[in-house]
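Okay, entry.txt is below, compact mmCIF, C-alpha atoms:
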```
# COMPACT_ATOMS: atom_id res chain seq x y z
CA MET A 589 -79.61 173.40 14.89
CA ASN A 590 -77.28 170.84 16.27
CA GLY A 591 -76.15 167.96 14.11
CA GLU A 592 -73.85 165.00 14.60
CA VAL A 593 -71.98 164.41 17.82
CA LEU A 594 -68.34 165.28 17.25
CA VAL A 595 -66.85 164.44 20.64
CA ARG A 596 -67.84 163.77 24.22
CA GLY A 597 -66.04 164.69 27.41
CA TRP A 598 -66.35 165.37 31.12
CA THR A 599 -68.23 168.43 32.29
CA VAL A 600 -66.06 170.92 34.15
CA SER A 601 -68.13 174.08 33.88
CA SER A 602 -71.73 173.99 32.75
CA GLY A 603 -73.46 175.99 30.02
CA VAL A 604 -74.26 175.79 26.34
CA GLN A 605 -72.51 177.84 23.66
CA VAL A 606 -72.61 177.99 19.89
CA GLY A 607 -69.70 179.47 18.00
CA PRO A 608 -66.87 178.87 15.60
CA ALA A 609 -64.19 176.53 16.90
CA ARG A 610 -60.63 177.72 17.30
CA VAL A 611 -58.22 174.79 17.41
CA VAL A 612 -54.85 175.70 18.95
CA THR A 613 -52.05 173.21 19.45
CA ASP A 614 -49.02 175.39 20.08
CA PRO A 615 -49.11 177.40 23.31
CA ASP A 616 -46.16 179.49 22.17
CA SER A 617 -47.83 180.70 19.01
CA ASP A 618 -49.74 183.98 18.91
CA ILE A 619 -53.18 182.76 19.79
CA ALA A 620 -55.48 185.26 18.14
CA VAL A 621 -58.77 184.02 19.51
CA ARG A 622 -61.67 186.22 18.54
CA ASN A 623 -64.47 187.02 20.95
CA GLY A 624 -67.05 184.24 20.99
CA GLU A 625 -64.87 181.50 19.54
CA ILE A 626 -64.80 178.13 21.28
CA LEU A 627 -61.23 177.21 22.13
CA VAL A 628 -60.08 173.65 21.47
CA VAL A 629 -56.69 172.73 23.01
CA PRO A 630 -54.69 169.58 23.70
CA GLN A 631 -54.08 170.16 27.42
CA SER A 632 -53.53 172.74 30.11
CA HIS A 633 -50.99 175.49 29.56
CA PRO A 634 -51.03 179.01 31.02
CA SER A 635 -50.72 180.60 27.57
CA TYR A 636 -54.12 179.23 26.68
CA SER A 637 -55.56 181.02 29.72
CA VAL A 638 -54.97 184.39 28.11
CA ALA A 639 -56.75 183.30 24.95
CA LEU A 640 -59.51 181.73 27.01
CA MET A 641 -60.53 185.11 28.38
CA ARG A 642 -61.90 186.00 24.93
CA ALA A 643 -63.44 182.61 24.22
CA SER A 644 -67.02 181.54 24.84
CA GLY A 645 -66.19 177.90 25.58
CA LEU A 646 -63.31 175.49 26.16
CA ILE A 647 -62.75 171.94 24.95
CA CYS A 648 -59.65 170.15 26.33
CA GLU A 649 -58.59 166.94 24.69
CA GLN A 650 -56.66 165.78 27.77
CA GLY A 651 -56.33 166.73 31.40
CA ALA A 652 -58.18 166.40 34.64
CA SER A 653 -61.15 168.47 35.71
CA VAL A 654 -59.01 170.34 38.24
CA SER A 655 -56.17 171.02 35.80
CA HIS A 656 -55.27 174.66 35.78
CA LEU A 657 -56.85 175.58 32.50
CA CYS A 658 -60.10 173.85 33.43
CA THR A 659 -60.13 175.66 36.76
CA VAL A 660 -59.56 178.96 34.98
CA ALA A 661 -62.57 178.19 32.77
CA LEU A 662 -64.64 177.22 35.79
CA GLU A 663 -63.68 180.38 37.63
CA ALA A 664 -64.40 182.48 34.56
CA GLY A 665 -67.84 180.93 34.17
CA ILE A 666 -66.93 179.63 30.72
CA PRO A 667 -68.57 176.34 29.65
CA CYS A 668 -65.87 173.68 29.56
CA ILE A 669 -65.38 169.98 29.01
CA THR A 670 -62.20 167.95 29.29
CA GLN A 671 -61.08 164.45 28.28
CA ALA A 672 -62.68 165.13 24.91
CA VAL A 673 -60.77 162.38 23.16
CA GLY A 674 -60.13 163.11 19.48
CA ALA A 675 -61.22 166.76 19.69
CA LEU A 676 -58.14 168.08 17.91
CA SER A 677 -58.65 165.83 14.91
CA LEU A 678 -62.46 165.84 14.78
CA ILE A 679 -63.03 169.58 15.13
CA ARG A 680 -61.72 172.06 12.57
CA SER A 681 -60.86 175.70 13.16
CA GLY A 682 -63.73 177.83 11.88
CA GLN A 683 -66.26 175.02 12.08
CA LEU A 684 -69.52 176.09 13.72
CA ILE A 685 -70.10 173.91 16.77
CA MET A 686 -72.36 173.68 19.76
CA LEU A 687 -70.66 172.96 23.07
CA ASP A 688 -73.24 171.53 25.45
CA ALA A 689 -71.10 171.38 28.56
CA ASP A 690 -74.11 170.38 30.67
CA LYS A 691 -74.18 167.06 28.82
CA GLY A 692 -70.48 166.94 27.96
CA VAL A 693 -71.16 166.81 24.22
CA VAL A 694 -69.92 168.79 21.21
CA TYR A 695 -72.15 168.87 18.12
CA ALA A 696 -71.57 170.05 14.60
CA TYR A 697 -73.95 173.00 14.28
CA GLY A 698 -76.08 174.26 11.46
CA ALA A 699 -74.98 171.65 8.98
CA MET B 683 -56.55 170.54 71.02
CA PRO B 684 -54.09 167.96 69.58
CA MET B 685 -55.39 165.79 66.78
CA GLU B 686 -55.99 162.15 67.64
CA PRO B 687 -53.17 160.53 65.60
CA GLU B 688 -54.99 157.69 63.89
CA ALA B 689 -58.07 159.77 63.11
CA GLY B 690 -55.90 162.67 61.90
CA LEU B 691 -53.84 160.48 59.61
CA LYS B 692 -56.93 158.78 58.21
CA ALA B 693 -58.52 162.15 57.53
CA TYR B 694 -55.29 163.25 55.81
CA ARG B 695 -55.25 160.14 53.61
CA ASP B 696 -58.93 160.56 52.75
CA ALA B 697 -58.43 164.22 51.88
CA LEU B 698 -55.40 163.38 49.71
CA THR B 699 -57.45 160.76 47.90
CA ILE B 700 -59.94 163.41 46.85
CA ALA B 701 -57.33 166.05 46.03
CA TRP B 702 -55.10 163.75 43.99
CA GLN B 703 -57.62 161.57 42.17
CA TYR B 704 -58.93 164.41 40.03
CA ASN B 705 -55.58 166.05 39.71
CA ASP B 706 -53.53 166.55 36.63
CA TYR B 707 -49.84 165.86 36.64
CA ARG B 708 -49.16 167.26 33.20
CA ASP B 709 -47.42 169.96 35.16
CA TRP B 710 -46.37 173.20 33.63
CA PRO B 711 -43.55 174.07 33.31
CA VAL B 712 -42.01 170.76 34.36
CA ARG B 713 -43.36 167.59 35.90
CA MET B 714 -42.64 168.22 39.59
CA THR B 715 -42.59 164.58 40.63
CA ALA B 716 -39.72 163.98 38.21
CA ALA B 717 -37.66 166.83 39.68
CA MET B 718 -38.44 166.70 43.40
CA HIS B 719 -35.50 164.41 44.17
CA LEU B 720 -33.14 167.22 43.16
CA PHE B 721 -34.02 169.47 46.07
CA CYS B 722 -36.79 168.14 48.30
CA ASP B 723 -34.54 166.42 50.83
CA ARG B 724 -32.68 169.67 51.48
CA PHE B 725 -35.98 171.52 51.53
CA ALA B 726 -37.41 169.16 54.15
CA ALA B 727 -34.22 169.17 56.24
CA GLU B 728 -34.27 172.96 56.36
CA PHE B 729 -37.99 172.94 57.10
CA MET B 730 -37.47 170.67 60.11
CA ALA B 731 -34.47 172.68 61.29
CA ASP B 732 -36.44 175.91 60.99
CA LEU B 733 -39.32 174.53 63.05
CA GLU B 734 -36.93 173.29 65.71
CA ALA B 735 -35.05 176.60 65.85
CA LEU B 736 -38.28 178.55 66.13
CA SER B 737 -39.57 176.29 68.90
CA LEU B 738 -36.30 176.73 70.79
CA ALA B 739 -36.59 180.47 70.30
CA GLY B 740 -39.96 180.39 72.04
CA TYR B 741 -42.37 180.53 69.10
CA ASP B 742 -45.37 178.30 69.58
CA ASP B 743 -47.06 176.56 66.64
CA LEU B 744 -49.83 179.14 66.45
CA ALA B 745 -47.30 181.93 65.93
CA ILE B 746 -45.53 179.87 63.27
CA ALA B 747 -48.82 179.04 61.53
CA ARG B 748 -49.82 182.71 61.56
CA ALA B 749 -46.59 183.59 59.76
CA PHE B 750 -47.87 181.57 56.80
CA GLY B 751 -51.08 183.55 56.92
CA SER B 752 -53.27 181.04 55.18
CA PRO B 753 -54.10 177.43 56.17
CA VAL B 754 -53.86 176.05 52.64
CA ARG B 755 -50.16 176.94 52.62
CA LEU B 756 -49.68 174.42 55.42
CA THR B 757 -51.94 171.69 54.04
CA ARG B 758 -50.37 171.87 50.58
CA ILE B 759 -46.76 172.11 51.71
CA ALA B 760 -47.14 168.94 53.78
CA ASP B 761 -46.69 166.44 50.98
CA SER B 762 -43.56 168.19 49.70
CA VAL B 763 -42.04 168.08 53.19
CA LEU B 764 -43.10 164.46 53.52
CA PHE B 765 -41.47 163.53 50.22
CA GLY B 766 -38.24 165.14 51.42
CA LEU B 767 -38.41 163.36 54.78
CA LYS B 768 -38.73 160.05 52.95
CA ARG B 769 -35.68 160.89 50.85
CA LEU B 770 -33.85 161.64 54.11
CA ARG B 771 -34.91 158.22 55.41
CA THR B 772 -36.48 159.60 58.56
CA THR B 773 -38.66 157.21 60.53
CA LEU B 774 -42.29 156.69 59.59
CA ASP B 775 -43.22 157.93 63.05
CA ASP B 776 -41.31 161.19 62.46
CA GLN B 777 -43.04 161.61 59.10
CA ARG B 778 -46.45 161.09 60.67
CA GLN B 779 -45.67 163.49 63.48
CA MET B 780 -44.76 166.14 60.92
CA ILE B 781 -48.01 165.65 59.02
CA LEU B 782 -50.07 165.84 62.19
CA ARG B 783 -48.19 168.93 63.33
CA LEU B 784 -48.78 170.72 60.03
CA MET B 785 -52.44 169.75 59.97
CA GLU B 786 -52.86 170.96 63.55
CA MET B 787 -51.20 174.23 62.60
CA ALA B 788 -53.59 174.58 59.66
CA GLN B 789 -56.50 173.80 61.95
CA ARG B 790 -55.51 176.64 64.26
CA LEU B 791 -55.93 179.11 61.41
CA LYS B 792 -59.44 177.92 60.62
CA TYR B 793 -62.88 177.75 62.10
CA GLY B 794 -63.62 174.47 60.31
CA SER B 795 -61.71 171.24 59.79
CA PRO B 796 -58.37 171.39 57.95
CA PHE B 797 -59.58 168.53 55.75
CA ASN B 798 -62.78 170.16 54.39
CA GLU B 799 -64.62 166.84 54.68
CA ASP B 800 -67.96 168.49 53.96
CA GLY B 801 -66.68 170.32 50.89
CA ARG B 802 -66.49 173.68 52.64
CA ASN B 803 -63.34 175.58 53.49
CA LEU B 804 -64.41 177.50 56.56
CA ILE B 805 -61.73 179.87 57.77
CA TRP B 806 -64.19 182.30 59.31
CA SER B 807 -66.81 181.54 61.92
CA PRO B 808 -70.46 182.05 60.91
CA ALA B 809 -70.45 185.31 62.89
CA ALA B 810 -67.29 186.56 61.16
CA ALA B 811 -68.70 185.67 57.74
CA ALA B 812 -71.96 187.46 58.51
CA ALA B 813 -70.02 190.49 59.77
CA HIS B 814 -67.97 190.58 56.56
CA ALA B 815 -71.11 190.33 54.47
CA ALA B 816 -72.67 193.19 56.42
CA ALA B 817 -69.60 195.44 56.38
CA THR B 818 -68.53 195.00 52.76
CA PRO B 819 -69.95 197.48 50.23
CA PHE B 820 -71.22 194.84 47.83
CA ARG B 821 -72.38 195.84 44.39
CA ARG B 822 -75.49 194.19 43.00
CA VAL B 823 -74.83 192.45 39.68
CA VAL B 824 -76.34 194.23 36.69
CA GLY B 825 -76.04 193.57 32.97
CA GLY B 826 -72.93 191.62 32.04
CA GLU B 827 -71.11 192.27 35.30
CA ALA B 828 -71.26 188.64 36.42
CA GLY B 829 -69.26 187.67 33.34
CA ALA B 830 -66.71 190.43 33.91
CA VAL B 831 -66.22 189.53 37.57
CA GLN B 832 -65.93 185.82 36.91
CA ARG B 833 -63.48 186.37 34.05
CA LEU B 834 -61.39 188.43 36.42
CA CYS B 835 -61.43 185.48 38.84
CA GLY B 836 -60.31 183.19 36.02
CA ALA B 837 -57.54 185.56 35.02
CA LEU B 838 -56.31 185.86 38.60
CA PHE B 839 -56.19 182.09 38.86
CA ALA B 840 -54.09 181.94 35.68
CA TYR B 841 -51.80 184.63 37.09
CA THR B 842 -51.11 182.59 40.24
CA GLU B 843 -50.03 179.59 38.18
CA SER B 844 -47.74 181.63 36.01
CA ILE B 845 -45.89 183.25 38.93
CA PHE B 846 -45.79 180.31 41.36
CA PHE B 847 -46.36 177.27 39.12
CA ARG B 848 -48.08 174.55 41.13
CA ALA B 849 -47.11 176.17 44.43
CA HIS B 850 -49.84 178.74 43.93
CA ASP B 851 -51.00 178.15 47.49
CA ILE B 852 -48.42 180.85 48.33
CA THR B 853 -50.70 183.38 46.80
CA LYS B 854 -54.29 182.29 47.02
CA GLU B 855 -56.94 180.68 49.15
CA PHE B 856 -60.65 180.37 48.40
CA HIS B 857 -62.87 179.99 51.42
CA GLY B 858 -66.53 179.37 51.99
CA LEU B 859 -69.20 178.68 51.10
CA TYR B 860 -70.52 180.50 54.14
CA PRO B 861 -74.30 180.31 54.44
CA LEU B 862 -76.01 183.69 54.79
CA GLU B 863 -79.59 184.68 55.44
CA GLY B 864 -82.14 183.78 52.77
CA GLY B 865 -80.09 180.86 51.47
CA GLU B 866 -77.42 183.09 49.96
CA GLN B 867 -73.82 181.94 50.14
CA LEU B 868 -70.58 183.84 50.56
CA LEU B 869 -67.41 182.78 48.75
CA ILE B 870 -64.15 184.65 49.34
CA ARG B 871 -61.21 184.53 46.95
CA GLU B 872 -58.08 185.88 48.63
CA TYR B 873 -54.94 186.60 46.62
CA ARG B 874 -51.74 187.62 48.41
CA SER B 875 -48.07 188.07 47.51
CA LEU B 876 -48.96 189.06 43.97
CA ARG B 877 -45.68 190.91 43.44
CA PRO B 878 -42.89 188.39 44.09
CA HIS B 879 -40.07 190.47 42.63
CA GLU B 880 -37.61 188.18 44.39
CA ILE B 881 -38.70 185.40 42.01
CA TRP B 882 -39.40 187.50 38.92
CA PRO B 883 -37.16 190.59 39.09
CA ASP B 884 -37.76 191.61 35.47
CA ALA B 885 -41.38 190.58 34.94
CA PRO B 886 -44.19 193.14 34.59
CA LEU B 887 -45.93 192.00 37.77
CA LEU B 888 -49.24 193.43 38.91
CA PRO B 889 -48.92 196.78 40.67
CA CYS B 890 -50.85 195.46 43.68
CA SER B 891 -49.96 192.93 46.38
CA THR B 892 -53.43 191.71 47.35
CA VAL B 893 -56.80 191.21 45.73
CA ARG B 894 -59.88 190.02 47.57
CA VAL B 895 -62.96 189.08 45.57
CA SER B 896 -66.00 188.69 47.83
CA THR B 897 -68.94 187.10 46.06
CA ILE B 898 -72.45 186.27 47.17
CA TYR B 899 -74.23 183.55 45.21
CA GLY B 900 -77.82 182.37 45.30
CA PRO B 901 -78.89 179.11 46.91
CA GLY B 902 -78.69 177.20 43.62
CA LEU B 903 -74.89 177.07 43.59
CA GLN B 904 -73.32 173.92 44.97
CA LEU B 905 -69.55 174.10 45.11
CA ASP B 906 -67.07 171.88 46.95
CA ILE B 907 -63.59 172.98 47.94
CA ASP B 908 -61.17 170.21 48.88
CA PHE B 909 -58.25 170.65 51.29
CA TYR B 910 -55.90 171.48 48.40
CA ASN B 911 -58.30 174.28 47.49
CA HIS B 912 -59.47 172.54 44.32
CA LEU B 913 -62.94 173.60 43.23
CA TYR B 914 -65.72 171.25 42.13
CA LEU B 915 -68.93 172.81 40.83
CA ARG B 916 -71.68 170.34 41.72
CA GLN B 917 -74.71 172.33 40.66
CA GLY B 918 -75.60 175.75 39.37
CA ASN B 919 -73.49 178.22 37.50
CA TYR B 920 -71.34 181.11 38.69
CA LEU B 921 -72.77 183.47 36.09
CA GLY B 922 -76.39 182.69 36.77
CA ASP B 923 -76.04 182.51 40.53
CA LEU B 924 -73.80 185.52 41.24
CA ARG B 925 -75.87 188.20 42.97
CA ARG B 926 -73.44 190.65 44.56
CA TYR B 927 -69.71 191.18 44.57
CA ALA B 928 -66.92 193.39 45.84
CA VAL B 929 -63.40 193.47 44.42
CA GLU B 930 -60.79 195.01 46.71
CA VAL B 931 -57.30 195.73 45.41
CA ASP B 932 -54.84 196.44 48.21
CA GLY B 933 -57.90 197.27 50.30
CA ARG B 934 -59.38 199.71 47.77
CA LEU B 935 -62.74 198.93 46.23
CA LEU B 936 -62.27 198.43 42.50
CA PRO B 937 -64.96 200.08 40.35
CA PRO B 938 -66.33 197.83 37.56
CA ASP B 939 -64.84 199.99 34.82
CA GLU B 940 -61.34 199.22 36.13
CA ILE B 941 -61.72 195.45 35.81
CA PRO B 942 -60.71 195.30 32.10
CA GLY B 943 -57.49 197.21 32.84
CA LEU B 944 -56.56 194.79 35.61
CA MET B 945 -57.23 191.85 33.30
CA GLU B 946 -55.03 193.35 30.63
CA GLN B 947 -52.17 193.64 33.12
CA ILE B 948 -52.68 190.03 34.18
CA ALA B 949 -52.58 188.84 30.56
CA GLY B 950 -49.35 190.77 30.06
CA THR B 951 -47.66 189.06 33.00
CA VAL B 952 -48.85 185.58 32.05
CA SER B 953 -47.63 186.02 28.47
CA TYR B 954 -44.28 187.43 29.60
CA ILE B 955 -43.57 184.59 32.02
CA THR B 956 -44.63 181.78 29.70
CA ARG B 957 -42.43 183.24 26.94
CA GLN B 958 -39.51 183.32 29.34
CA ILE B 959 -40.05 179.85 30.75
CA ASP B 960 -41.22 177.72 27.83
CA PRO B 961 -38.01 177.88 25.79
CA ALA B 962 -35.76 177.52 28.85
CA PRO B 963 -33.88 174.25 29.46
CA TRP B 964 -35.38 171.99 32.12
CA GLN B 965 -32.59 172.89 34.56
CA ASP B 966 -33.65 176.55 34.50
CA ARG B 967 -37.26 175.59 35.02
CA VAL B 968 -36.43 173.33 37.96
CA GLU B 969 -34.18 176.00 39.46
CA LYS B 970 -37.07 178.44 39.24
CA TYR B 971 -39.24 175.85 40.94
CA ALA B 972 -36.66 175.57 43.73
CA GLU B 973 -36.73 179.36 44.16
CA ILE B 974 -40.51 179.18 44.46
CA PHE B 975 -40.26 176.35 47.00
CA TRP B 976 -37.82 178.30 49.15
CA PHE B 977 -40.05 181.34 48.84
CA ARG B 978 -42.89 179.08 49.95
CA LYS B 979 -41.19 178.38 53.28
CA ARG B 980 -39.80 181.87 53.59
CA PRO B 981 -42.12 182.74 56.54
CA LEU B 982 -39.99 180.42 58.70
CA GLN B 983 -36.72 182.08 57.69
CA ASP B 984 -38.22 185.52 58.14
CA LEU B 985 -39.28 184.62 61.67
CA ARG B 986 -35.78 183.36 62.36
CA GLY B 987 -34.20 186.40 60.77
CA VAL B 988 -32.08 184.37 58.35
CA ASP B 989 -31.64 184.41 54.58
CA TRP B 990 -34.43 182.48 52.84
CA ARG B 991 -32.82 182.01 49.44
CA VAL B 992 -32.02 178.73 47.68
CA PRO B 993 -28.60 177.40 48.79
CA ALA B 994 -25.88 177.31 46.12
CA ALA B 995 -25.49 173.56 46.67
CA VAL B 996 -29.09 173.00 45.61
CA ARG B 997 -28.59 175.00 42.41
CA GLU B 998 -25.46 173.01 41.67
CA ARG B 999 -27.28 169.73 42.20
CA ILE B 1000 -30.00 170.78 39.77
CA ARG B 1001 -27.40 171.84 37.19
CA THR B 1002 -25.62 168.50 37.35
CA GLY B 1003 -28.63 166.26 37.97
CA GLU B 1004 -31.18 164.48 35.83
CA LEU B 1005 -34.95 164.33 35.74
CA PHE B 1006 -36.28 161.03 37.03
CA GLU B 1007 -38.01 159.65 33.94
CA PRO B 1008 -40.18 156.98 35.63
CA ARG B 1009 -41.99 159.76 37.51
CA MET B 1010 -42.89 161.52 34.26
CA LYS B 1011 -45.86 159.25 33.65
CA LEU B 1012 -49.39 159.81 34.86
CA LEU B 1013 -50.72 157.58 37.61
CA ASP B 1014 -54.07 155.88 37.46
CA ARG B 1015 -56.44 155.86 40.41
CA GLU B 1016 -55.22 152.53 41.72
CA GLN B 1017 -51.62 153.71 41.67
CA ILE B 1018 -52.60 156.93 43.41
CA ALA B 1019 -54.43 154.99 46.11
CA ARG B 1020 -51.35 152.79 46.62
CA LEU B 1021 -49.11 155.86 46.74
CA ILE B 1022 -51.27 157.50 49.40
CA HIS B 1023 -51.26 154.32 51.44
CA MET B 1024 -47.47 154.21 51.24
CA THR B 1025 -47.19 157.94 51.92
CA VAL B 1026 -48.44 158.00 55.50
```
So that I can check it, write out the structure of this file as structure tokens.
Amino acid sequence: MNGEVLVRGWTVSSGVQVGPARVVTDPDSDIAVRNGEILVVPQSHPSYSVALMRASGLICEQGASVSHLCTVALEAGIPCITQAVGALSLIRSGQLIMLDADKGVVYAYGA
Amino acid sequence: MPMEPEAGLKAYRDALTIAWQYNDYRDWPVRMTAAMHLFCDRFAAEFMADLEALSLAGYDDLAIARAFGSPVRLTRIADSVLFGLKRLRTTLDDQRQMILRLMEMAQRLKYGSPFNEDGRNLIWSPAAAAAHAAATPFRRVVGGEAGAVQRLCGALFAYTESIFFRAHDITKEFHGLYPLEGGEQLLIREYRSLRPHEIWPDAPLLPCSTVRVSTIYGPGLQLDIDFYNHLYLRQGNYLGDLRRYAVEVDGRLLPPDEIPGLMEQIAGTVSYITRQIDPAPWQDRVEKYAEIFWFRKRPLQDLRGVDWRVPAAVRERIRTGELFEPRMKLLDREQIARLIHMTV
């Protein structure tokens, strides 16, 4: 079940996903995203696109809805929100979250 | 038919307003607006000279437009040329004439308006779209195929950014939505020039030059495409609405079991290029951008039969120049509106 609202953002690509968050802040690091994780990133960078292909959702802290990474998510049919202010500090890697991209809301899940 | 100047310029401003207001100028790998002054005047001067030389050589604008192959290449190159013309201090009238000429050239490659006012990018006529739908051996979506096809589309989009940065209009154009019988809608994703060895001589580029992904969605999907080829999903969902698809690689129909292999190759290229570019000094990144820009206008040089490569003087200017810090910041909507008003 969904719990408290962690962050809100703009809907880029609709859909609802539940999964563990994967917070990544360095595009040059080896981004070992596991299948089904929800990727949380600061902004668009092509390196994140590769990781995104294994993710079930995308939360961008900054960037416009037609930024490249958001468009990649849209094209891939992956639920995505952007302008999720505070996402990097409010969401922890491994935390179970629900991304409701239809409403542009991220919830803590199962707490 | 020539565009009525005032109406054409207004449509251009309106289209720019849509394309720029949702845009993101946290450019990878370098903020273009902060580097344009290092080469855009030379770029625009060559662009004008090329057009003039081709006209004198007897090429009409349709032949020149066809050399670019895709209307979005003309609509998206226009603001770069315009920026250069401003740096060259050409007259406002000359700048407007150039915009109108490029928009007219784009129009001649399309069935619909170059400005996509209604949110559709219609290159084909309704009859041509219906003929494509009838002739293409579409595969009906079963199981998780919608996810696999859409992830391939996402990966291809990422690939275009990694090889051409923000000038990815060189390589791709999405067109549609074309209405079909029964409320279905056809969307075509065309990718060309996928092996630019001239730009990336050592990169593990894809083994193919073209990919076309033809997709038929149900009536629930509402998607707008602006004149910069940005996508805006208004309603529905690609995964839920995808009904049939066909992926053609260099004209060969790609079986579904080959999609993961293609995606793996794409991921390899994206990772290789970002690892090359990210640690490079800004001068290298801007020089690479200049190479991409000259490659972008290469169709003109190829028609003329002259070398298309970046002049040594441009490379030298980048090496000895500076980024323009004030243009590093993001603009708000009001500033963008003012910029567009000042632009044309």
query: What residues in chain B lie within 8 Å of chain A, counting only C-alpha atoms, written as a PyMOL selection string?
result: chain B and resi 704-706+708+710+829+831-837+839-840+843-844+912-915+918-921+949+952-953+956-957+960
For A:Ala675, please output as a short mmCIF file (atom, residue, chain, number, x, y, z; two decimals) with C-alpha atoms, in the coordinates of the input all residues within 9 Å (counting only C-alpha atoms; exclusion window: fewer than 4 positions along the same chain).
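part00.cif, freshly written:
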```cif
data_model
loop_
_atom_site.label_atom_id
_atom_site.label_comp_id
_atom_site.auth_asym_id
_atom_site.auth_seq_id
_atom_site.Cartn_x
_atom_site.Cartn_y
_atom_site.Cartn_z
CA LEU A 594 -68.34 165.28 17.25
CA VAL A 595 -66.85 164.44 20.64
CA ARG A 596 -67.84 163.77 24.22
CA VAL A 611 -58.22 174.79 17.41
CA VAL A 628 -60.08 173.65 21.47
CA VAL A 629 -56.69 172.73 23.01
CA PRO A 630 -54.69 169.58 23.70
CA ILE A 647 -62.75 171.94 24.95
CA CYS A 648 -59.65 170.15 26.33
CA GLU A 649 -58.59 166.94 24.69
CA GLN A 671 -61.08 164.45 28.28
CA ILE A 679 -63.03 169.58 15.13
CA ARG A 680 -61.72 172.06 12.57
#
```
With 4 Å added on each side, what axis-aligned box encloses every listed atom of stretch 613-617 of chain A? Give the centre and edge lengths in Å to one decimal, as lines of an AutoDock Vina configuration file.
```
center_x = -49.1
center_y = 177.0
center_z = 21.2
size_x = 13.9
size_y = 15.5
size_z = 12.3
```
message: With all atoms listed in the file as the counted atoms, please give the residues lying no more than 8 Å from stretch 899-908 of chain B, apart from itself and same-chain residues fewer than 5 positions off, as a ChimeraX atom specification.
response: /B:697,700-701,797-803,856-857,859,865-869,913-920,923-926
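You can rank B:Phe725, B:Phe846, B:Trp702, B:Phe909 by their closest distance to B:Met785 using all atoms listed in the file, and at the top of that list sits B:Phe909.
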- prompt: Which residues come within 9 Å of B:Lys854, counting only C-alpha atoms, excluding same-chain residues fewer than 6 positions away, as a count of residues only?
  reply: 11
field: Within 10 Å of B:Pro808 using only C-alpha atoms, minus same-chain residues under 2 positions, as an MDAnalysis selection string
entry: chainID B and resid 793 804:806 810:814 860:862
May I have the selected residues written with C-alpha atoms, as a PDB file, keeping the file's coordinate frame?
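Wrote out_13.pdb, looks like this:
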```
ATOM      1  CA  TYR B 793     -62.880 177.750  62.100  1.00  0.00           C
ATOM      2  CA  LEU B 804     -64.410 177.500  56.560  1.00  0.00           C
ATOM      3  CA  ILE B 805     -61.730 179.870  57.770  1.00  0.00           C
ATOM      4  CA  TRP B 806     -64.190 182.300  59.310  1.00  0.00           C
ATOM      5  CA  ALA B 810     -67.290 186.560  61.160  1.00  0.00           C
ATOM      6  CA  ALA B 811     -68.700 185.670  57.740  1.00  0.00           C
ATOM      7  CA  ALA B 812     -71.960 187.460  58.510  1.00  0.00           C
ATOM      8  CA  ALA B 813     -70.020 190.490  59.770  1.00  0.00           C
ATOM      9  CA  HIS B 814     -67.970 190.580  56.560  1.00  0.00           C
ATOM     10  CA  TYR B 860     -70.520 180.500  54.140  1.00  0.00           C
ATOM     11  CA  PRO B 861     -74.300 180.310  54.440  1.00  0.00           C
ATOM     12  CA  LEU B 862     -76.010 183.690  54.790  1.00  0.00           C
TER      13      LEU B 862
END
```
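Our summary of the geometry notes that atom CA of B:Val992 is positioned 12.0 Å from atom CA of B:Val968.
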task: In the coordinate frame of the file, compute which residues have an atom within 7 Å of (-48.7, 169.8, 57.9) when using only C-alpha atoms, and state them as JSON, numbers by chain.
output: {"B": [756, 757, 759, 760, 780, 781, 782, 783, 784, 785, 787]}
Write the residues you've just listed into a file as a PDB file, in the frame of the given file, and include C-alpha atoms for each of them.
```
ATOM      1  CA  LEU B 756     -49.680 174.420  55.420  1.00  0.00           C
ATOM      2  CA  THR B 757     -51.940 171.690  54.040  1.00  0.00           C
ATOM      3  CA  ILE B 759     -46.760 172.110  51.710  1.00  0.00           C
ATOM      4  CA  ALA B 760     -47.140 168.940  53.780  1.00  0.00           C
ATOM      5  CA  MET B 780     -44.760 166.140  60.920  1.00  0.00           C
ATOM      6  CA  ILE B 781     -48.010 165.650  59.020  1.00  0.00           C
ATOM      7  CA  LEU B 782     -50.070 165.840  62.190  1.00  0.00           C
ATOM      8  CA  ARG B 783     -48.190 168.930  63.330  1.00  0.00           C
ATOM      9  CA  LEU B 784     -48.780 170.720  60.030  1.00  0.00           C
ATOM     10  CA  MET B 785     -52.440 169.750  59.970  1.00  0.00           C
ATOM     11  CA  MET B 787     -51.200 174.230  62.600  1.00  0.00           C
TER      12      MET B 787
END
```
Which residue of A:Leu627, A:Val593, A:Val604, A:Ala643 approaches A:Ala689 most closely, using only C-alpha atoms: A:Val604
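Put simply, atom CA of A:Val612 is 16.7 Å away from atom CA of A:Val694.
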- line: atom CA of B:Tyr910 to atom CA of B:Glu855 measures 9.3 Å
message: Let me make sure I understand: among B:Pro878, B:Gly740, B:Gly858, B:Gly751, which one has the smallest atom-to-atom distance to B:Ser896 if we use all atoms listed in the file?
response: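 Residue with the minimum atom-to-atom distance to B:Ser896: B:Gly858.
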Write out as a CSV table (one decimal) with C-alpha atoms, in the frame of the given file each polymer residue whose atoms come within 7 Å of A:Pro608, counting all atoms listed in the file; drop sequence neighbours fewer than 5 positions from it.
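Writing the result to around05.csv gives the following:
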```csv
chain,number,residue,atom,x,y,z
A,625,GLU,CA,-64.9,181.5,19.5
A,626,ILE,CA,-64.8,178.1,21.3
A,682,GLY,CA,-63.7,177.8,11.9
A,683,GLN,CA,-66.3,175.0,12.1
A,684,LEU,CA,-69.5,176.1,13.7
A,685,ILE,CA,-70.1,173.9,16.8
```
